[in-house]
>>> print(open('model_36.cif').read())   # mmCIF, C-alpha atoms
data_data
loop_
_atom_site.group_PDB
_atom_site.id
_atom_site.type_symbol
_atom_site.label_atom_id
_atom_site.label_comp_id
_atom_site.auth_asym_id
_atom_site.auth_seq_id
_atom_site.Cartn_x
_atom_site.Cartn_y
_atom_site.Cartn_z
ATOM 1 C CA MET I 298 62.416 90.338 107.170
ATOM 2 C CA ALA I 299 65.363 88.904 109.097
ATOM 3 C CA ARG I 300 63.610 85.533 109.226
ATOM 4 C CA PHE I 301 63.057 85.661 105.441
ATOM 5 C CA ILE I 302 66.767 86.376 104.918
ATOM 6 C CA ASP I 303 67.647 83.443 107.203
ATOM 7 C CA VAL I 304 65.441 81.110 105.179
ATOM 8 C CA VAL I 305 66.921 82.353 101.906
ATOM 9 C CA LEU I 306 70.417 81.932 103.335
ATOM 10 C CA VAL I 307 69.717 78.363 104.480
ATOM 11 C CA LEU I 308 68.190 77.541 101.096
ATOM 12 C CA SER I 309 71.088 79.030 99.169
ATOM 13 C CA LEU I 310 73.605 77.244 101.393
ATOM 14 C CA SER I 311 71.885 73.885 101.006
ATOM 15 C CA LEU I 312 71.668 74.485 97.268
ATOM 16 C CA SER I 313 75.370 75.274 97.073
ATOM 17 C CA PHE I 314 76.086 71.974 98.843
ATOM 18 C CA CYS I 315 74.021 70.136 96.248
ATOM 19 C CA LEU I 316 76.040 71.802 93.505
ATOM 20 C CA LEU I 317 79.453 71.133 95.008
ATOM 21 C CA PRO I 318 81.170 68.269 93.150
ATOM 22 C CA GLU I 319 83.340 67.493 96.171
ATOM 23 C CA THR I 320 80.740 67.053 98.913
ATOM 24 C CA ALA I 321 82.064 63.515 99.467
ATOM 25 C CA SER I 322 85.442 64.939 100.481
ATOM 26 C CA ALA I 323 83.713 66.397 103.535
ATOM 27 C CA GLN I 324 83.519 62.781 104.774
ATOM 28 C CA LEU I 325 87.308 62.376 104.624
ATOM 29 C CA LYS I 326 89.343 63.003 107.753
ATOM 30 C CA ARG I 327 92.824 62.276 108.961
ATOM 31 C CA ASN I 328 92.116 59.855 111.808
ATOM 32 C CA TYR I 329 89.130 58.121 110.267
ATOM 33 C CA TYR I 330 90.096 54.674 111.635
ATOM 34 C CA ALA I 331 91.045 55.851 115.160
ATOM 35 C CA ASN I 332 88.296 53.738 116.762
ATOM 36 C CA THR I 333 88.120 50.792 114.337
ATOM 37 C CA CYS I 334 91.749 50.092 113.357
ATOM 38 C CA PRO I 335 93.960 52.592 115.206
ATOM 39 C CA ASN I 336 97.291 51.222 113.916
ATOM 40 C CA VAL I 337 96.257 50.999 110.268
ATOM 41 C CA GLU I 338 98.839 53.514 109.052
ATOM 42 C CA SER I 339 101.789 51.709 110.614
ATOM 43 C CA ILE I 340 100.464 48.315 109.414
ATOM 44 C CA VAL I 341 100.249 49.631 105.842
ATOM 45 C CA ARG I 342 103.627 51.391 106.088
ATOM 46 C CA ASN I 343 105.345 48.187 107.246
ATOM 47 C CA ALA I 344 103.837 46.172 104.388
ATOM 48 C CA VAL I 345 104.789 48.858 101.852
ATOM 49 C CA THR I 346 108.335 49.087 103.242
ATOM 50 C CA THR I 347 108.768 45.312 102.861
ATOM 51 C CA LYS I 348 107.615 45.529 99.246
ATOM 52 C CA PHE I 349 109.846 48.581 98.604
ATOM 53 C CA ARG I 350 112.903 46.639 99.816
ATOM 54 C CA GLN I 351 112.127 43.923 97.269
ATOM 55 C CA THR I 352 111.910 46.317 94.284
ATOM 56 C CA PHE I 353 112.128 50.068 93.711
ATOM 57 C CA VAL I 354 109.418 49.711 91.031
ATOM 58 C CA THR I 355 107.021 49.679 94.007
ATOM 59 C CA VAL I 356 107.389 53.486 94.144
ATOM 60 C CA PRO I 357 106.373 54.638 90.641
ATOM 61 C CA ALA I 358 103.949 51.734 90.226
ATOM 62 C CA THR I 359 101.954 52.673 93.337
ATOM 63 C CA ILE I 360 101.898 56.430 92.611
ATOM 64 C CA ARG I 361 100.732 55.803 89.040
ATOM 65 C CA LEU I 362 98.082 53.319 90.192
ATOM 66 C CA PHE I 363 96.627 55.958 92.542
ATOM 67 C CA PHE I 364 96.548 58.582 89.792
ATOM 68 C CA HIS I 365 94.956 56.239 87.232
ATOM 69 C CA ASP I 366 92.406 55.165 89.839
ATOM 70 C CA CYS I 367 91.374 58.677 90.867
ATOM 71 C CA PHE I 368 91.039 60.053 87.319
ATOM 72 C CA VAL I 369 88.565 57.325 86.338
ATOM 73 C CA GLN I 370 85.372 57.322 88.455
ATOM 74 C CA GLY I 371 87.245 58.774 91.437
ATOM 75 C CA CYS I 372 89.573 57.332 94.100
ATOM 76 C CA ASP I 373 87.673 54.094 94.691
ATOM 77 C CA ALA I 374 90.167 51.279 93.921
ATOM 78 C CA SER I 375 88.141 50.365 90.815
ATOM 79 C CA VAL I 376 91.390 50.137 88.804
ATOM 80 C CA ILE I 377 92.457 47.101 90.881
ATOM 81 C CA ILE I 378 89.421 44.967 89.943
ATOM 82 C CA GLN I 379 90.195 41.941 87.749
ATOM 83 C CA SER I 380 88.200 41.411 84.573
ATOM 84 C CA THR I 381 85.740 38.503 84.458
ATOM 85 C CA GLY I 382 84.075 36.657 81.599
ATOM 86 C CA SER I 383 81.174 39.101 81.706
ATOM 87 C CA ASN I 384 83.083 42.333 82.474
ATOM 88 C CA LYS I 385 86.210 43.909 80.992
ATOM 89 C CA ALA I 386 87.555 45.996 83.901
ATOM 90 C CA GLU I 387 89.457 49.315 83.948
ATOM 91 C CA LYS I 388 92.864 47.662 84.278
ATOM 92 C CA ASP I 389 92.453 46.000 80.850
ATOM 93 C CA HIS I 390 91.888 49.274 78.985
ATOM 94 C CA PRO I 391 94.871 50.023 76.666
ATOM 95 C CA ASP I 392 95.809 53.093 78.760
ATOM 96 C CA ASN I 393 96.157 50.889 81.856
ATOM 97 C CA LEU I 394 97.986 47.883 80.403
ATOM 98 C CA SER I 395 101.330 49.497 81.256
ATOM 99 C CA LEU I 396 100.482 49.799 84.973
ATOM 100 C CA ALA I 397 103.215 47.747 86.651
ATOM 101 C CA GLY I 398 102.079 44.694 88.609
ATOM 102 C CA ASP I 399 104.084 45.807 91.640
ATOM 103 C CA GLY I 400 101.582 48.597 92.319
ATOM 104 C CA PHE I 401 98.651 46.185 92.482
ATOM 105 C CA ASP I 402 100.723 43.778 94.587
ATOM 106 C CA THR I 403 101.612 46.552 97.067
ATOM 107 C CA VAL I 404 97.931 47.263 97.783
ATOM 108 C CA ILE I 405 96.948 43.598 97.951
ATOM 109 C CA LYS I 406 99.812 42.775 100.380
ATOM 110 C CA ALA I 407 98.961 45.788 102.547
ATOM 111 C CA LYS I 408 95.277 44.761 102.604
ATOM 112 C CA GLN I 409 96.274 41.243 103.717
ATOM 113 C CA ALA I 410 98.433 42.718 106.498
ATOM 114 C CA VAL I 411 95.579 44.938 107.706
ATOM 115 C CA ASP I 412 93.037 42.104 107.615
ATOM 116 C CA ALA I 413 95.423 39.835 109.560
ATOM 117 C CA VAL I 414 94.876 42.083 112.597
ATOM 118 C CA PRO I 415 91.653 40.741 114.217
ATOM 119 C CA GLY I 416 90.029 44.117 115.024
ATOM 120 C CA CYS I 417 90.813 45.509 111.556
ATOM 121 C CA LYS I 418 89.475 42.711 109.360
ATOM 122 C CA ASN I 419 87.092 44.071 106.683
ATOM 123 C CA LYS I 420 87.186 47.523 108.296
ATOM 124 C CA VAL I 421 89.585 49.346 105.926
ATOM 125 C CA SER I 422 88.851 50.024 102.256
ATOM 126 C CA CYS I 423 91.254 49.207 99.433
ATOM 127 C CA ALA I 424 90.831 52.815 98.239
ATOM 128 C CA ASP I 425 92.196 54.107 101.548
ATOM 129 C CA ILE I 426 95.011 51.540 101.550
ATOM 130 C CA LEU I 427 96.047 52.750 98.074
ATOM 131 C CA ALA I 428 96.026 56.382 99.306
ATOM 132 C CA MET I 429 98.187 55.460 102.322
ATOM 133 C CA ALA I 430 100.556 53.304 100.261
ATOM 134 C CA THR I 431 101.037 56.188 97.814
ATOM 135 C CA ARG I 432 102.035 58.502 100.669
ATOM 136 C CA ASP I 433 104.423 55.840 101.998
ATOM 137 C CA VAL I 434 106.265 55.151 98.714
ATOM 138 C CA ILE I 435 106.761 58.906 98.181
ATOM 139 C CA ALA I 436 108.365 59.225 101.634
ATOM 140 C CA LEU I 437 110.439 56.041 101.185
ATOM 141 C CA SER I 438 111.976 57.444 97.992
ATOM 142 C CA GLY I 439 112.976 60.742 99.602
ATOM 143 C CA GLY I 440 109.850 62.788 98.950
ATOM 144 C CA PRO I 441 107.692 64.672 101.451
ATOM 145 C CA SER I 442 105.640 62.826 104.059
ATOM 146 C CA TYR I 443 102.126 64.092 104.710
ATOM 147 C CA ALA I 444 98.957 63.263 106.610
ATOM 148 C CA VAL I 445 96.493 61.292 104.464
ATOM 149 C CA GLU I 446 92.769 61.978 104.585
ATOM 150 C CA LEU I 447 90.820 58.721 104.931
ATOM 151 C CA GLY I 448 87.234 57.490 104.740
ATOM 152 C CA ARG I 449 86.826 56.421 101.103
ATOM 153 C CA LEU I 450 84.733 53.388 100.228
ATOM 154 C CA ASP I 451 85.550 50.989 97.391
ATOM 155 C CA GLY I 452 83.675 51.469 94.141
ATOM 156 C CA LEU I 453 80.978 49.088 92.913
ATOM 157 C CA SER I 454 81.813 49.182 89.200
ATOM 158 C CA SER I 455 84.904 48.951 86.989
ATOM 159 C CA THR I 456 84.678 48.967 83.202
ATOM 160 C CA ALA I 457 87.311 49.452 80.525
ATOM 161 C CA ALA I 458 84.888 51.725 78.644
ATOM 162 C CA SER I 459 84.857 54.201 81.556
ATOM 163 C CA VAL I 460 88.584 54.912 81.013
ATOM 164 C CA ASN I 461 88.101 56.405 77.521
ATOM 165 C CA GLY I 462 89.344 60.003 77.369
ATOM 166 C CA LYS I 463 89.937 60.207 81.135
ATOM 167 C CA LEU I 464 93.737 59.886 81.315
ATOM 168 C CA PRO I 465 96.402 62.331 80.071
ATOM 169 C CA GLN I 466 98.379 61.212 77.024
ATOM 170 C CA PRO I 467 102.151 61.724 76.549
ATOM 171 C CA THR I 468 101.456 63.876 73.468
ATOM 172 C CA PHE I 469 99.203 66.370 75.301
ATOM 173 C CA ASN I 470 99.805 70.128 75.158
ATOM 174 C CA LEU I 471 99.129 72.495 78.055
ATOM 175 C CA ASN I 472 95.500 73.206 77.106
ATOM 176 C CA GLN I 473 94.706 69.488 76.936
ATOM 177 C CA LEU I 474 96.413 68.832 80.267
ATOM 178 C CA ASN I 475 94.669 71.760 81.957
ATOM 179 C CA SER I 476 91.194 70.798 80.738
ATOM 180 C CA LEU I 477 91.576 67.167 81.851
ATOM 181 C CA PHE I 478 92.821 68.177 85.295
ATOM 182 C CA ALA I 479 90.154 70.883 85.606
ATOM 183 C CA ALA I 480 87.514 68.197 84.990
ATOM 184 C CA ASN I 481 88.779 66.650 88.259
ATOM 185 C CA GLY I 482 88.777 69.933 90.182
ATOM 186 C CA LEU I 483 92.544 70.393 89.837
ATOM 187 C CA SER I 484 94.275 73.616 88.814
ATOM 188 C CA GLN I 485 97.214 74.189 86.469
ATOM 189 C CA THR I 486 99.439 74.473 89.559
ATOM 190 C CA ASP I 487 98.175 71.069 90.784
ATOM 191 C CA MET I 488 98.786 69.592 87.327
ATOM 192 C CA ILE I 489 102.401 70.811 87.189
ATOM 193 C CA ALA I 490 103.028 69.582 90.743
ATOM 194 C CA LEU I 491 101.576 66.121 90.038
ATOM 195 C CA SER I 492 103.604 65.922 86.802
ATOM 196 C CA GLY I 493 106.603 66.177 89.120
ATOM 197 C CA ALA I 494 105.918 62.567 90.117
ATOM 198 C CA HIS I 495 107.710 61.775 86.833
ATOM 199 C CA THR I 496 110.855 62.322 88.918
ATOM 200 C CA VAL I 497 110.559 58.542 89.477
ATOM 201 C CA GLY I 498 109.399 55.800 87.155
ATOM 202 C CA PHE I 499 109.969 54.727 83.598
ATOM 203 C CA SER I 500 108.288 54.622 80.217
ATOM 204 C CA HIS I 501 108.252 52.194 77.322
ATOM 205 C CA CYS I 502 109.823 53.466 74.098
ATOM 206 C CA SER I 503 106.538 53.493 72.165
ATOM 207 C CA LYS I 504 105.197 56.320 74.369
ATOM 208 C CA PHE I 505 107.761 58.850 73.085
ATOM 209 C CA SER I 506 109.219 57.317 69.890
ATOM 210 C CA ASN I 507 107.424 59.982 67.804
ATOM 211 C CA ARG I 508 109.678 62.611 69.432
ATOM 212 C CA ILE I 509 112.896 60.931 68.283
ATOM 213 C CA TYR I 510 111.895 59.525 64.865
ATOM 214 C CA SER I 511 108.762 61.045 63.341
ATOM 215 C CA PHE I 512 107.973 64.340 65.037
ATOM 216 C CA SER I 513 107.146 66.264 61.837
ATOM 217 C CA GLY I 514 107.994 66.362 58.139
ATOM 218 C CA LYS I 515 110.544 69.120 58.706
ATOM 219 C CA ASN I 516 111.871 67.856 62.067
ATOM 220 C CA PRO I 517 112.004 64.083 62.583
ATOM 221 C CA VAL I 518 113.386 64.870 66.083
ATOM 222 C CA ASP I 519 111.355 67.182 68.345
ATOM 223 C CA PRO I 520 113.319 70.475 68.392
ATOM 224 C CA THR I 521 112.447 71.024 72.078
ATOM 225 C CA LEU I 522 114.346 67.822 72.966
ATOM 226 C CA ASN I 523 117.957 68.205 74.117
ATOM 227 C CA ARG I 524 120.140 67.010 71.187
ATOM 228 C CA THR I 525 122.462 64.798 73.239
ATOM 229 C CA TYR I 526 119.488 63.314 75.085
ATOM 230 C CA ALA I 527 117.694 62.620 71.779
ATOM 231 C CA THR I 528 120.745 60.652 70.550
ATOM 232 C CA GLN I 529 120.865 58.669 73.808
ATOM 233 C CA LEU I 530 117.152 57.877 73.504
ATOM 234 C CA GLN I 531 117.651 56.673 69.923
ATOM 235 C CA GLN I 532 120.408 54.347 71.175
ATOM 236 C CA MET I 533 118.213 53.004 73.997
ATOM 237 C CA CYS I 534 115.148 52.792 71.737
ATOM 238 C CA PRO I 535 116.168 51.724 68.218
ATOM 239 C CA LYS I 536 113.316 51.688 65.693
ATOM 240 C CA ASN I 537 112.304 48.031 66.129
ATOM 241 C CA VAL I 538 113.013 47.867 69.850
ATOM 242 C CA ASP I 539 111.603 45.138 72.107
ATOM 243 C CA PRO I 540 108.324 46.671 73.387
ATOM 244 C CA ARG I 541 109.278 45.647 76.948
ATOM 245 C CA ILE I 542 112.327 47.970 77.013
ATOM 246 C CA ALA I 543 111.808 50.905 79.379
ATOM 247 C CA VAL I 544 113.613 54.209 79.913
ATOM 248 C CA ASN I 545 113.811 56.247 83.133
ATOM 249 C CA MET I 546 111.566 59.325 83.185
ATOM 250 C CA ASP I 547 114.276 61.231 85.062
ATOM 251 C CA PRO I 548 117.686 60.486 83.496
ATOM 252 C CA ASN I 549 119.600 62.032 86.433
ATOM 253 C CA THR I 550 118.075 60.873 89.753
ATOM 254 C CA PRO I 551 115.580 58.145 88.726
ATOM 255 C CA ARG I 552 115.383 56.596 92.217
ATOM 256 C CA GLN I 553 114.938 59.810 94.161
ATOM 257 C CA PHE I 554 111.655 61.680 94.609
ATOM 258 C CA ASP I 555 113.023 65.199 94.183
ATOM 259 C CA ASN I 556 112.713 68.409 92.170
ATOM 260 C CA VAL I 557 115.313 67.366 89.565
ATOM 261 C CA TYR I 558 112.403 66.685 87.160
ATOM 262 C CA PHE I 559 111.974 70.470 86.855
ATOM 263 C CA LYS I 560 115.720 71.069 86.444
ATOM 264 C CA ASN I 561 115.634 68.486 83.639
ATOM 265 C CA LEU I 562 112.852 70.374 81.848
ATOM 266 C CA GLN I 563 115.053 73.494 81.837
ATOM 267 C CA GLN I 564 117.683 71.449 79.936
ATOM 268 C CA GLY I 565 115.263 69.916 77.397
ATOM 269 C CA LEU I 566 115.330 66.560 79.213
ATOM 270 C CA GLY I 567 111.572 66.020 79.526
ATOM 271 C CA LEU I 568 110.773 62.549 78.181
ATOM 272 C CA PHE I 569 107.193 63.178 77.023
ATOM 273 C CA THR I 570 105.809 66.097 75.044
ATOM 274 C CA SER I 571 103.467 66.550 78.036
ATOM 275 C CA ASP I 572 106.529 66.963 80.291
ATOM 276 C CA GLN I 573 108.582 69.331 78.135
ATOM 277 C CA VAL I 574 105.574 71.524 77.291
ATOM 278 C CA LEU I 575 105.502 72.624 80.942
ATOM 279 C CA PHE I 576 108.744 74.510 80.250
ATOM 280 C CA THR I 577 108.182 75.572 76.640
ATOM 281 C CA ASP I 578 104.730 77.077 77.316
ATOM 282 C CA GLY I 579 105.073 80.513 78.896
ATOM 283 C CA ARG I 580 102.027 79.958 81.112
ATOM 284 C CA SER I 581 103.593 77.083 83.048
ATOM 285 C CA LYS I 582 107.300 77.963 82.704
ATOM 286 C CA PRO I 583 107.473 80.276 85.777
ATOM 287 C CA LEU I 584 106.434 77.452 88.141
ATOM 288 C CA VAL I 585 108.899 75.016 86.534
ATOM 289 C CA ASN I 586 111.668 77.564 87.158
ATOM 290 C CA ALA I 587 110.500 78.230 90.723
ATOM 291 C CA TRP I 588 110.354 74.547 91.654
ATOM 292 C CA ALA I 589 113.677 73.797 89.942
ATOM 293 C CA THR I 590 115.152 76.326 92.383
ATOM 294 C CA SER I 591 113.260 75.299 95.531
ATOM 295 C CA SER I 592 112.582 71.695 96.463
ATOM 296 C CA GLN I 593 110.618 72.889 99.509
ATOM 297 C CA ALA I 594 108.249 74.926 97.329
ATOM 298 C CA PHE I 595 107.734 71.894 95.065
ATOM 299 C CA ASN I 596 107.153 69.541 98.010
ATOM 300 C CA ASN I 597 104.545 71.880 99.503
ATOM 301 C CA ALA I 598 102.720 72.210 96.178
ATOM 302 C CA PHE I 599 102.892 68.447 95.595
ATOM 303 C CA VAL I 600 101.389 67.620 98.999
ATOM 304 C CA ALA I 601 98.553 70.105 98.388
ATOM 305 C CA ALA I 602 97.906 68.666 94.914
ATOM 306 C CA ILE I 603 97.962 64.981 95.869
ATOM 307 C CA THR I 604 95.647 65.734 98.813
ATOM 308 C CA LYS I 605 93.186 67.345 96.381
ATOM 309 C CA LEU I 606 93.618 64.393 94.003
ATOM 310 C CA GLY I 607 92.677 62.037 96.851
ATOM 311 C CA ARG I 608 89.294 63.793 97.212
ATOM 312 C CA VAL I 609 88.206 63.196 93.608
ATOM 313 C CA GLY I 610 84.982 61.219 93.230
ATOM 314 C CA VAL I 611 85.119 59.674 96.693
ATOM 315 C CA LYS I 612 82.437 57.019 97.331
ATOM 316 C CA THR I 613 80.465 57.091 100.576
ATOM 317 C CA GLY I 614 77.240 55.558 101.902
ATOM 318 C CA LYS I 615 75.394 53.318 99.438
ATOM 319 C CA ASN I 616 77.778 54.243 96.586
ATOM 320 C CA GLY I 617 80.516 51.959 97.876
ATOM 321 C CA ASN I 618 81.550 49.266 100.328
ATOM 322 C CA ILE I 619 84.651 47.708 101.848
ATOM 323 C CA ARG I 620 85.919 44.942 99.618
ATOM 324 C CA THR I 621 87.010 41.644 101.121
ATOM 325 C CA ARG I 622 89.479 41.283 98.255
ATOM 326 C CA CYS I 623 90.826 44.380 96.501
ATOM 327 C CA ASP I 624 90.760 42.757 93.055
ATOM 328 C CA ALA I 625 87.178 41.429 93.181
ATOM 329 C CA PHE I 626 83.738 42.780 94.060
ATOM 330 C CA ASN I 627 82.102 41.326 97.171
#
>>> encode(input="model_36.cif", output="structure tokens")
Amino acid sequence: MARFIDVVLVLSLSLSFCLLPETASAQLKRNYYANTCPNVESIVRNAVTTKFRQTFVTVPATIRLFFHDCFVQGCDASVIIQSTGSNKAEKDHPDNLSLAGDGFDTVIKAKQAVDAVPGCKNKVSCADILAMATRDVIALSGGPSYAVELGRLDGLSSTAASVNGKLPQPTFNLNQLNSLFAANGLSQTDMIALSGAHTVGFSHCSKFSNRIYSFSGKNPVDPTLNRTYATQLQQMCPKNVDPRIAVNMDPNTPRQFDNVYFKNLQQGLGLFTSDQVLFTDGRSKPLVNAWATSSQAFNNAFVAAITKLGRVGVKTGKNGNIRTRCDAFN
């Protein structure tokens, strides 16, 4: 009988492994390159720091690139691939056209720095370099530093069509945000924490113009938007504004990775509907209030969430490789 139970247990365990969506994350570990490229983290950090000193845009551009990569086919650097005559790649989907070039450049420069070290050449994936660079820009802008799990391979496909419906939109409500994040194994708490990355970065006027001009028949201006802030946004984004004009996501500390994003939401200073809804919806409001009060609590939740994000759809074995160039398949 005991033997029968053992067999059943082994079977049920192996079955549960088959059913787990995150089995690939079991391959990830903190010191993955200890024997192949032991100094990889400092090589990447130095390259990222050089880029950061050239432009602060490096910070939001790299974080956003990581997020857009992981939510489409997993964290596999497929968003960096350039389109060719025969293939329209992820980066040319409308939702990705606003990804700043500095994010791509950060990864490509870091990859060149890694490959310039003889023992490291073609040993480190672009997907891992993007994960490390994301950690580094967060720390460089005053956010928490954390150990990055490594061991991802680079993806073997990148199509614009695969982006459809995979990325959150600025008009999303809480249910829409939660269902999209849940599809990637992330909880509401993770979603609110990752939204906190909007403490840095900027947006083009078109992404929120509906909130200041055409919200509804009764209210042209979104009533959840702080009145003074709405007037300032109208001044920065007149109706026929140059589409290249951008506005800071955090009007108070736009160059600091901090918890002021949540304090802003309490004042009606969320730029997107998908930001402000975190405070107006009673289900998410308690965490916004908690993290507005405690930067340590936010930092801890953010590190947990971005670590989980880094495990999404990881490629291992025959499902990936290490690209020679981050923007082209081998």
>>> atom_distance(input="model_36.cif", atom1="CA of Cys623 (chain I)", atom2="CA of Leu477 (chain I)")
27.1 Å
>>> atom_distance(input="model_36.cif", atom1="CA of Asn586 (chain I)", atom2="CA of Leu562 (chain I)")
9.0 Å
>>> resolve_selection(input="model_36.cif", expression="the PyMOL selection byres ((chain I and resi 553-558) around 9)", output="ChimeraX atom specification")
/I:435-441,492-497,546-552,559-562,566-567,588-593,595-596
>>> write_last_selection(input="model_36.cif", atoms="C-alpha atoms", output="mmCIF file, in the coordinates of the input")
data_model
loop_
_atom_site.group_PDB
_atom_site.id
_atom_site.type_symbol
_atom_site.label_atom_id
_atom_site.label_comp_id
_atom_site.auth_asym_id
_atom_site.auth_seq_id
_atom_site.Cartn_x
_atom_site.Cartn_y
_atom_site.Cartn_z
ATOM 1 C CA ILE I 435 106.761 58.906 98.181
ATOM 2 C CA ALA I 436 108.365 59.225 101.634
ATOM 3 C CA LEU I 437 110.439 56.041 101.185
ATOM 4 C CA SER I 438 111.976 57.444 97.992
ATOM 5 C CA GLY I 439 112.976 60.742 99.602
ATOM 6 C CA GLY I 440 109.850 62.788 98.950
ATOM 7 C CA PRO I 441 107.692 64.672 101.451
ATOM 8 C CA SER I 492 103.604 65.922 86.802
ATOM 9 C CA GLY I 493 106.603 66.177 89.120
ATOM 10 C CA ALA I 494 105.918 62.567 90.117
ATOM 11 C CA HIS I 495 107.710 61.775 86.833
ATOM 12 C CA THR I 496 110.855 62.322 88.918
ATOM 13 C CA VAL I 497 110.559 58.542 89.477
ATOM 14 C CA MET I 546 111.566 59.325 83.185
ATOM 15 C CA ASP I 547 114.276 61.231 85.062
ATOM 16 C CA PRO I 548 117.686 60.486 83.496
ATOM 17 C CA ASN I 549 119.600 62.032 86.433
ATOM 18 C CA THR I 550 118.075 60.873 89.753
ATOM 19 C CA PRO I 551 115.580 58.145 88.726
ATOM 20 C CA ARG I 552 115.383 56.596 92.217
ATOM 21 C CA PHE I 559 111.974 70.470 86.855
ATOM 22 C CA LYS I 560 115.720 71.069 86.444
ATOM 23 C CA ASN I 561 115.634 68.486 83.639
ATOM 24 C CA LEU I 562 112.852 70.374 81.848
ATOM 25 C CA LEU I 566 115.330 66.560 79.213
ATOM 26 C CA GLY I 567 111.572 66.020 79.526
ATOM 27 C CA TRP I 588 110.354 74.547 91.654
ATOM 28 C CA ALA I 589 113.677 73.797 89.942
ATOM 29 C CA THR I 590 115.152 76.326 92.383
ATOM 30 C CA SER I 591 113.260 75.299 95.531
ATOM 31 C CA SER I 592 112.582 71.695 96.463
ATOM 32 C CA GLN I 593 110.618 72.889 99.509
ATOM 33 C CA PHE I 595 107.734 71.894 95.065
ATOM 34 C CA ASN I 596 107.153 69.541 98.010
#
>>> closest_residue(input="model_36.cif", among="I:Gln473, I:Asn523, I:Thr570, I:Gln409", to="Ile340 (chain I)", atoms="all atoms listed in the file")
I:Gln409
>>> residues_around(input="model_36.cif", residues="region 342-350 of chain I", least_positions_apart="2", cutoff="8 Å", atoms="all atoms listed in the file", output="mmCIF file with C-alpha atoms, in the frame of the given file")
data_model
loop_
_atom_site.group_PDB
_atom_site.id
_atom_site.type_symbol
_atom_site.label_atom_id
_atom_site.label_comp_id
_atom_site.auth_asym_id
_atom_site.auth_seq_id
_atom_site.Cartn_x
_atom_site.Cartn_y
_atom_site.Cartn_z
ATOM 1 C CA GLU I 338 98.839 53.514 109.052
ATOM 2 C CA SER I 339 101.789 51.709 110.614
ATOM 3 C CA ILE I 340 100.464 48.315 109.414
ATOM 4 C CA THR I 352 111.910 46.317 94.284
ATOM 5 C CA PHE I 353 112.128 50.068 93.711
ATOM 6 C CA VAL I 354 109.418 49.711 91.031
ATOM 7 C CA THR I 355 107.021 49.679 94.007
ATOM 8 C CA VAL I 356 107.389 53.486 94.144
ATOM 9 C CA THR I 403 101.612 46.552 97.067
ATOM 10 C CA LYS I 406 99.812 42.775 100.380
ATOM 11 C CA ALA I 407 98.961 45.788 102.547
ATOM 12 C CA ALA I 410 98.433 42.718 106.498
ATOM 13 C CA MET I 429 98.187 55.460 102.322
ATOM 14 C CA ALA I 430 100.556 53.304 100.261
ATOM 15 C CA ASP I 433 104.423 55.840 101.998
ATOM 16 C CA VAL I 434 106.265 55.151 98.714
ATOM 17 C CA LEU I 437 110.439 56.041 101.185
#
>>> closest_residue(input="model_36.cif", among="I:Asp451, I:Asp425, I:Asp366, I:Glu387", to="Gly614 (chain I)", atoms="only C-alpha atoms")
I:Asp451
>>> residues_near_point(input="model_36.cif", point="(90.0, 42.6, 88.2)", cutoff="10 Å", atoms="only C-alpha atoms", output="list of chain:residue names")
I:Ser375, I:Val376, I:Ile377, I:Ile378, I:Gln379, I:Ser380, I:Thr381, I:Asn384, I:Lys385, I:Ala386, I:Glu387, I:Lys388, I:Asp389, I:Ser455, I:Thr456, I:Cys623, I:Asp624, I:Ala625, I:Phe626
>>> residues_around(input="model_36.cif", residues="region 574-583 of chain I", least_positions_apart="6", cutoff="7 Å", atoms="all atoms listed in the file", output="mmCIF file with C-alpha atoms, in the frame of the given file")
data_model
loop_
_atom_site.group_PDB
_atom_site.id
_atom_site.type_symbol
_atom_site.label_atom_id
_atom_site.label_comp_id
_atom_site.auth_asym_id
_atom_site.auth_seq_id
_atom_site.Cartn_x
_atom_site.Cartn_y
_atom_site.Cartn_z
ATOM 1 C CA ASN I 470 99.805 70.128 75.158
ATOM 2 C CA LEU I 471 99.129 72.495 78.055
ATOM 3 C CA LEU I 562 112.852 70.374 81.848
ATOM 4 C CA GLN I 563 115.053 73.494 81.837
#
>>> closest_residue(input="model_36.cif", among="I:Arg361, I:Lys536, I:Arg449, I:Arg524", to="Gly617 (chain I)", atoms="only C-alpha atoms")
I:Arg449
>>> closest_residue(input="model_36.cif", among="I:Val414, I:Pro540, I:Ser459, I:Phe569", to="Asn507 (chain I)", atoms="all atoms listed in the file")
I:Phe569
>>> closest_residue(input="model_36.cif", among="I:Leu325, I:Leu427, I:Val341, I:Leu447", to="Leu362 (chain I)", atoms="only C-alpha atoms")
I:Leu427
>>> resolve_selection(input="model_36.cif", expression="the PyMOL selection byres ((chain I and resi 525-532) around 9)", output="JSON, numbers by chain")
{"I": [502, 506, 508, 509, 510, 518, 519, 522, 523, 524, 533, 534, 535, 536, 544, 565, 566]}
>>> closest_residue(input="model_36.cif", among="I:Ala428, I:Cys417, I:Val460, I:Ile405", to="Glu446 (chain I)", atoms="only C-alpha atoms")
I:Ala428
>>> resolve_selection(input="model_36.cif", expression="the PyMOL selection byres ((chain I and resi 468) around 9)", output="PyMOL selection string")
chain I and resi 465-467+469-470+504-505+569-571
>>> atom_distance(input="model_36.cif", atom1="CA of Ala444 (chain I)", atom2="CA of Met488 (chain I)")
20.3 Å
>>> residues_around(input="model_36.cif", residues="Val600 (chain I)", least_positions_apart="2", cutoff="10 Å", atoms="all atoms listed in the file", output="PyMOL selection string")
chain I and resi 432+440-445+487+490-491+595-598+602-606
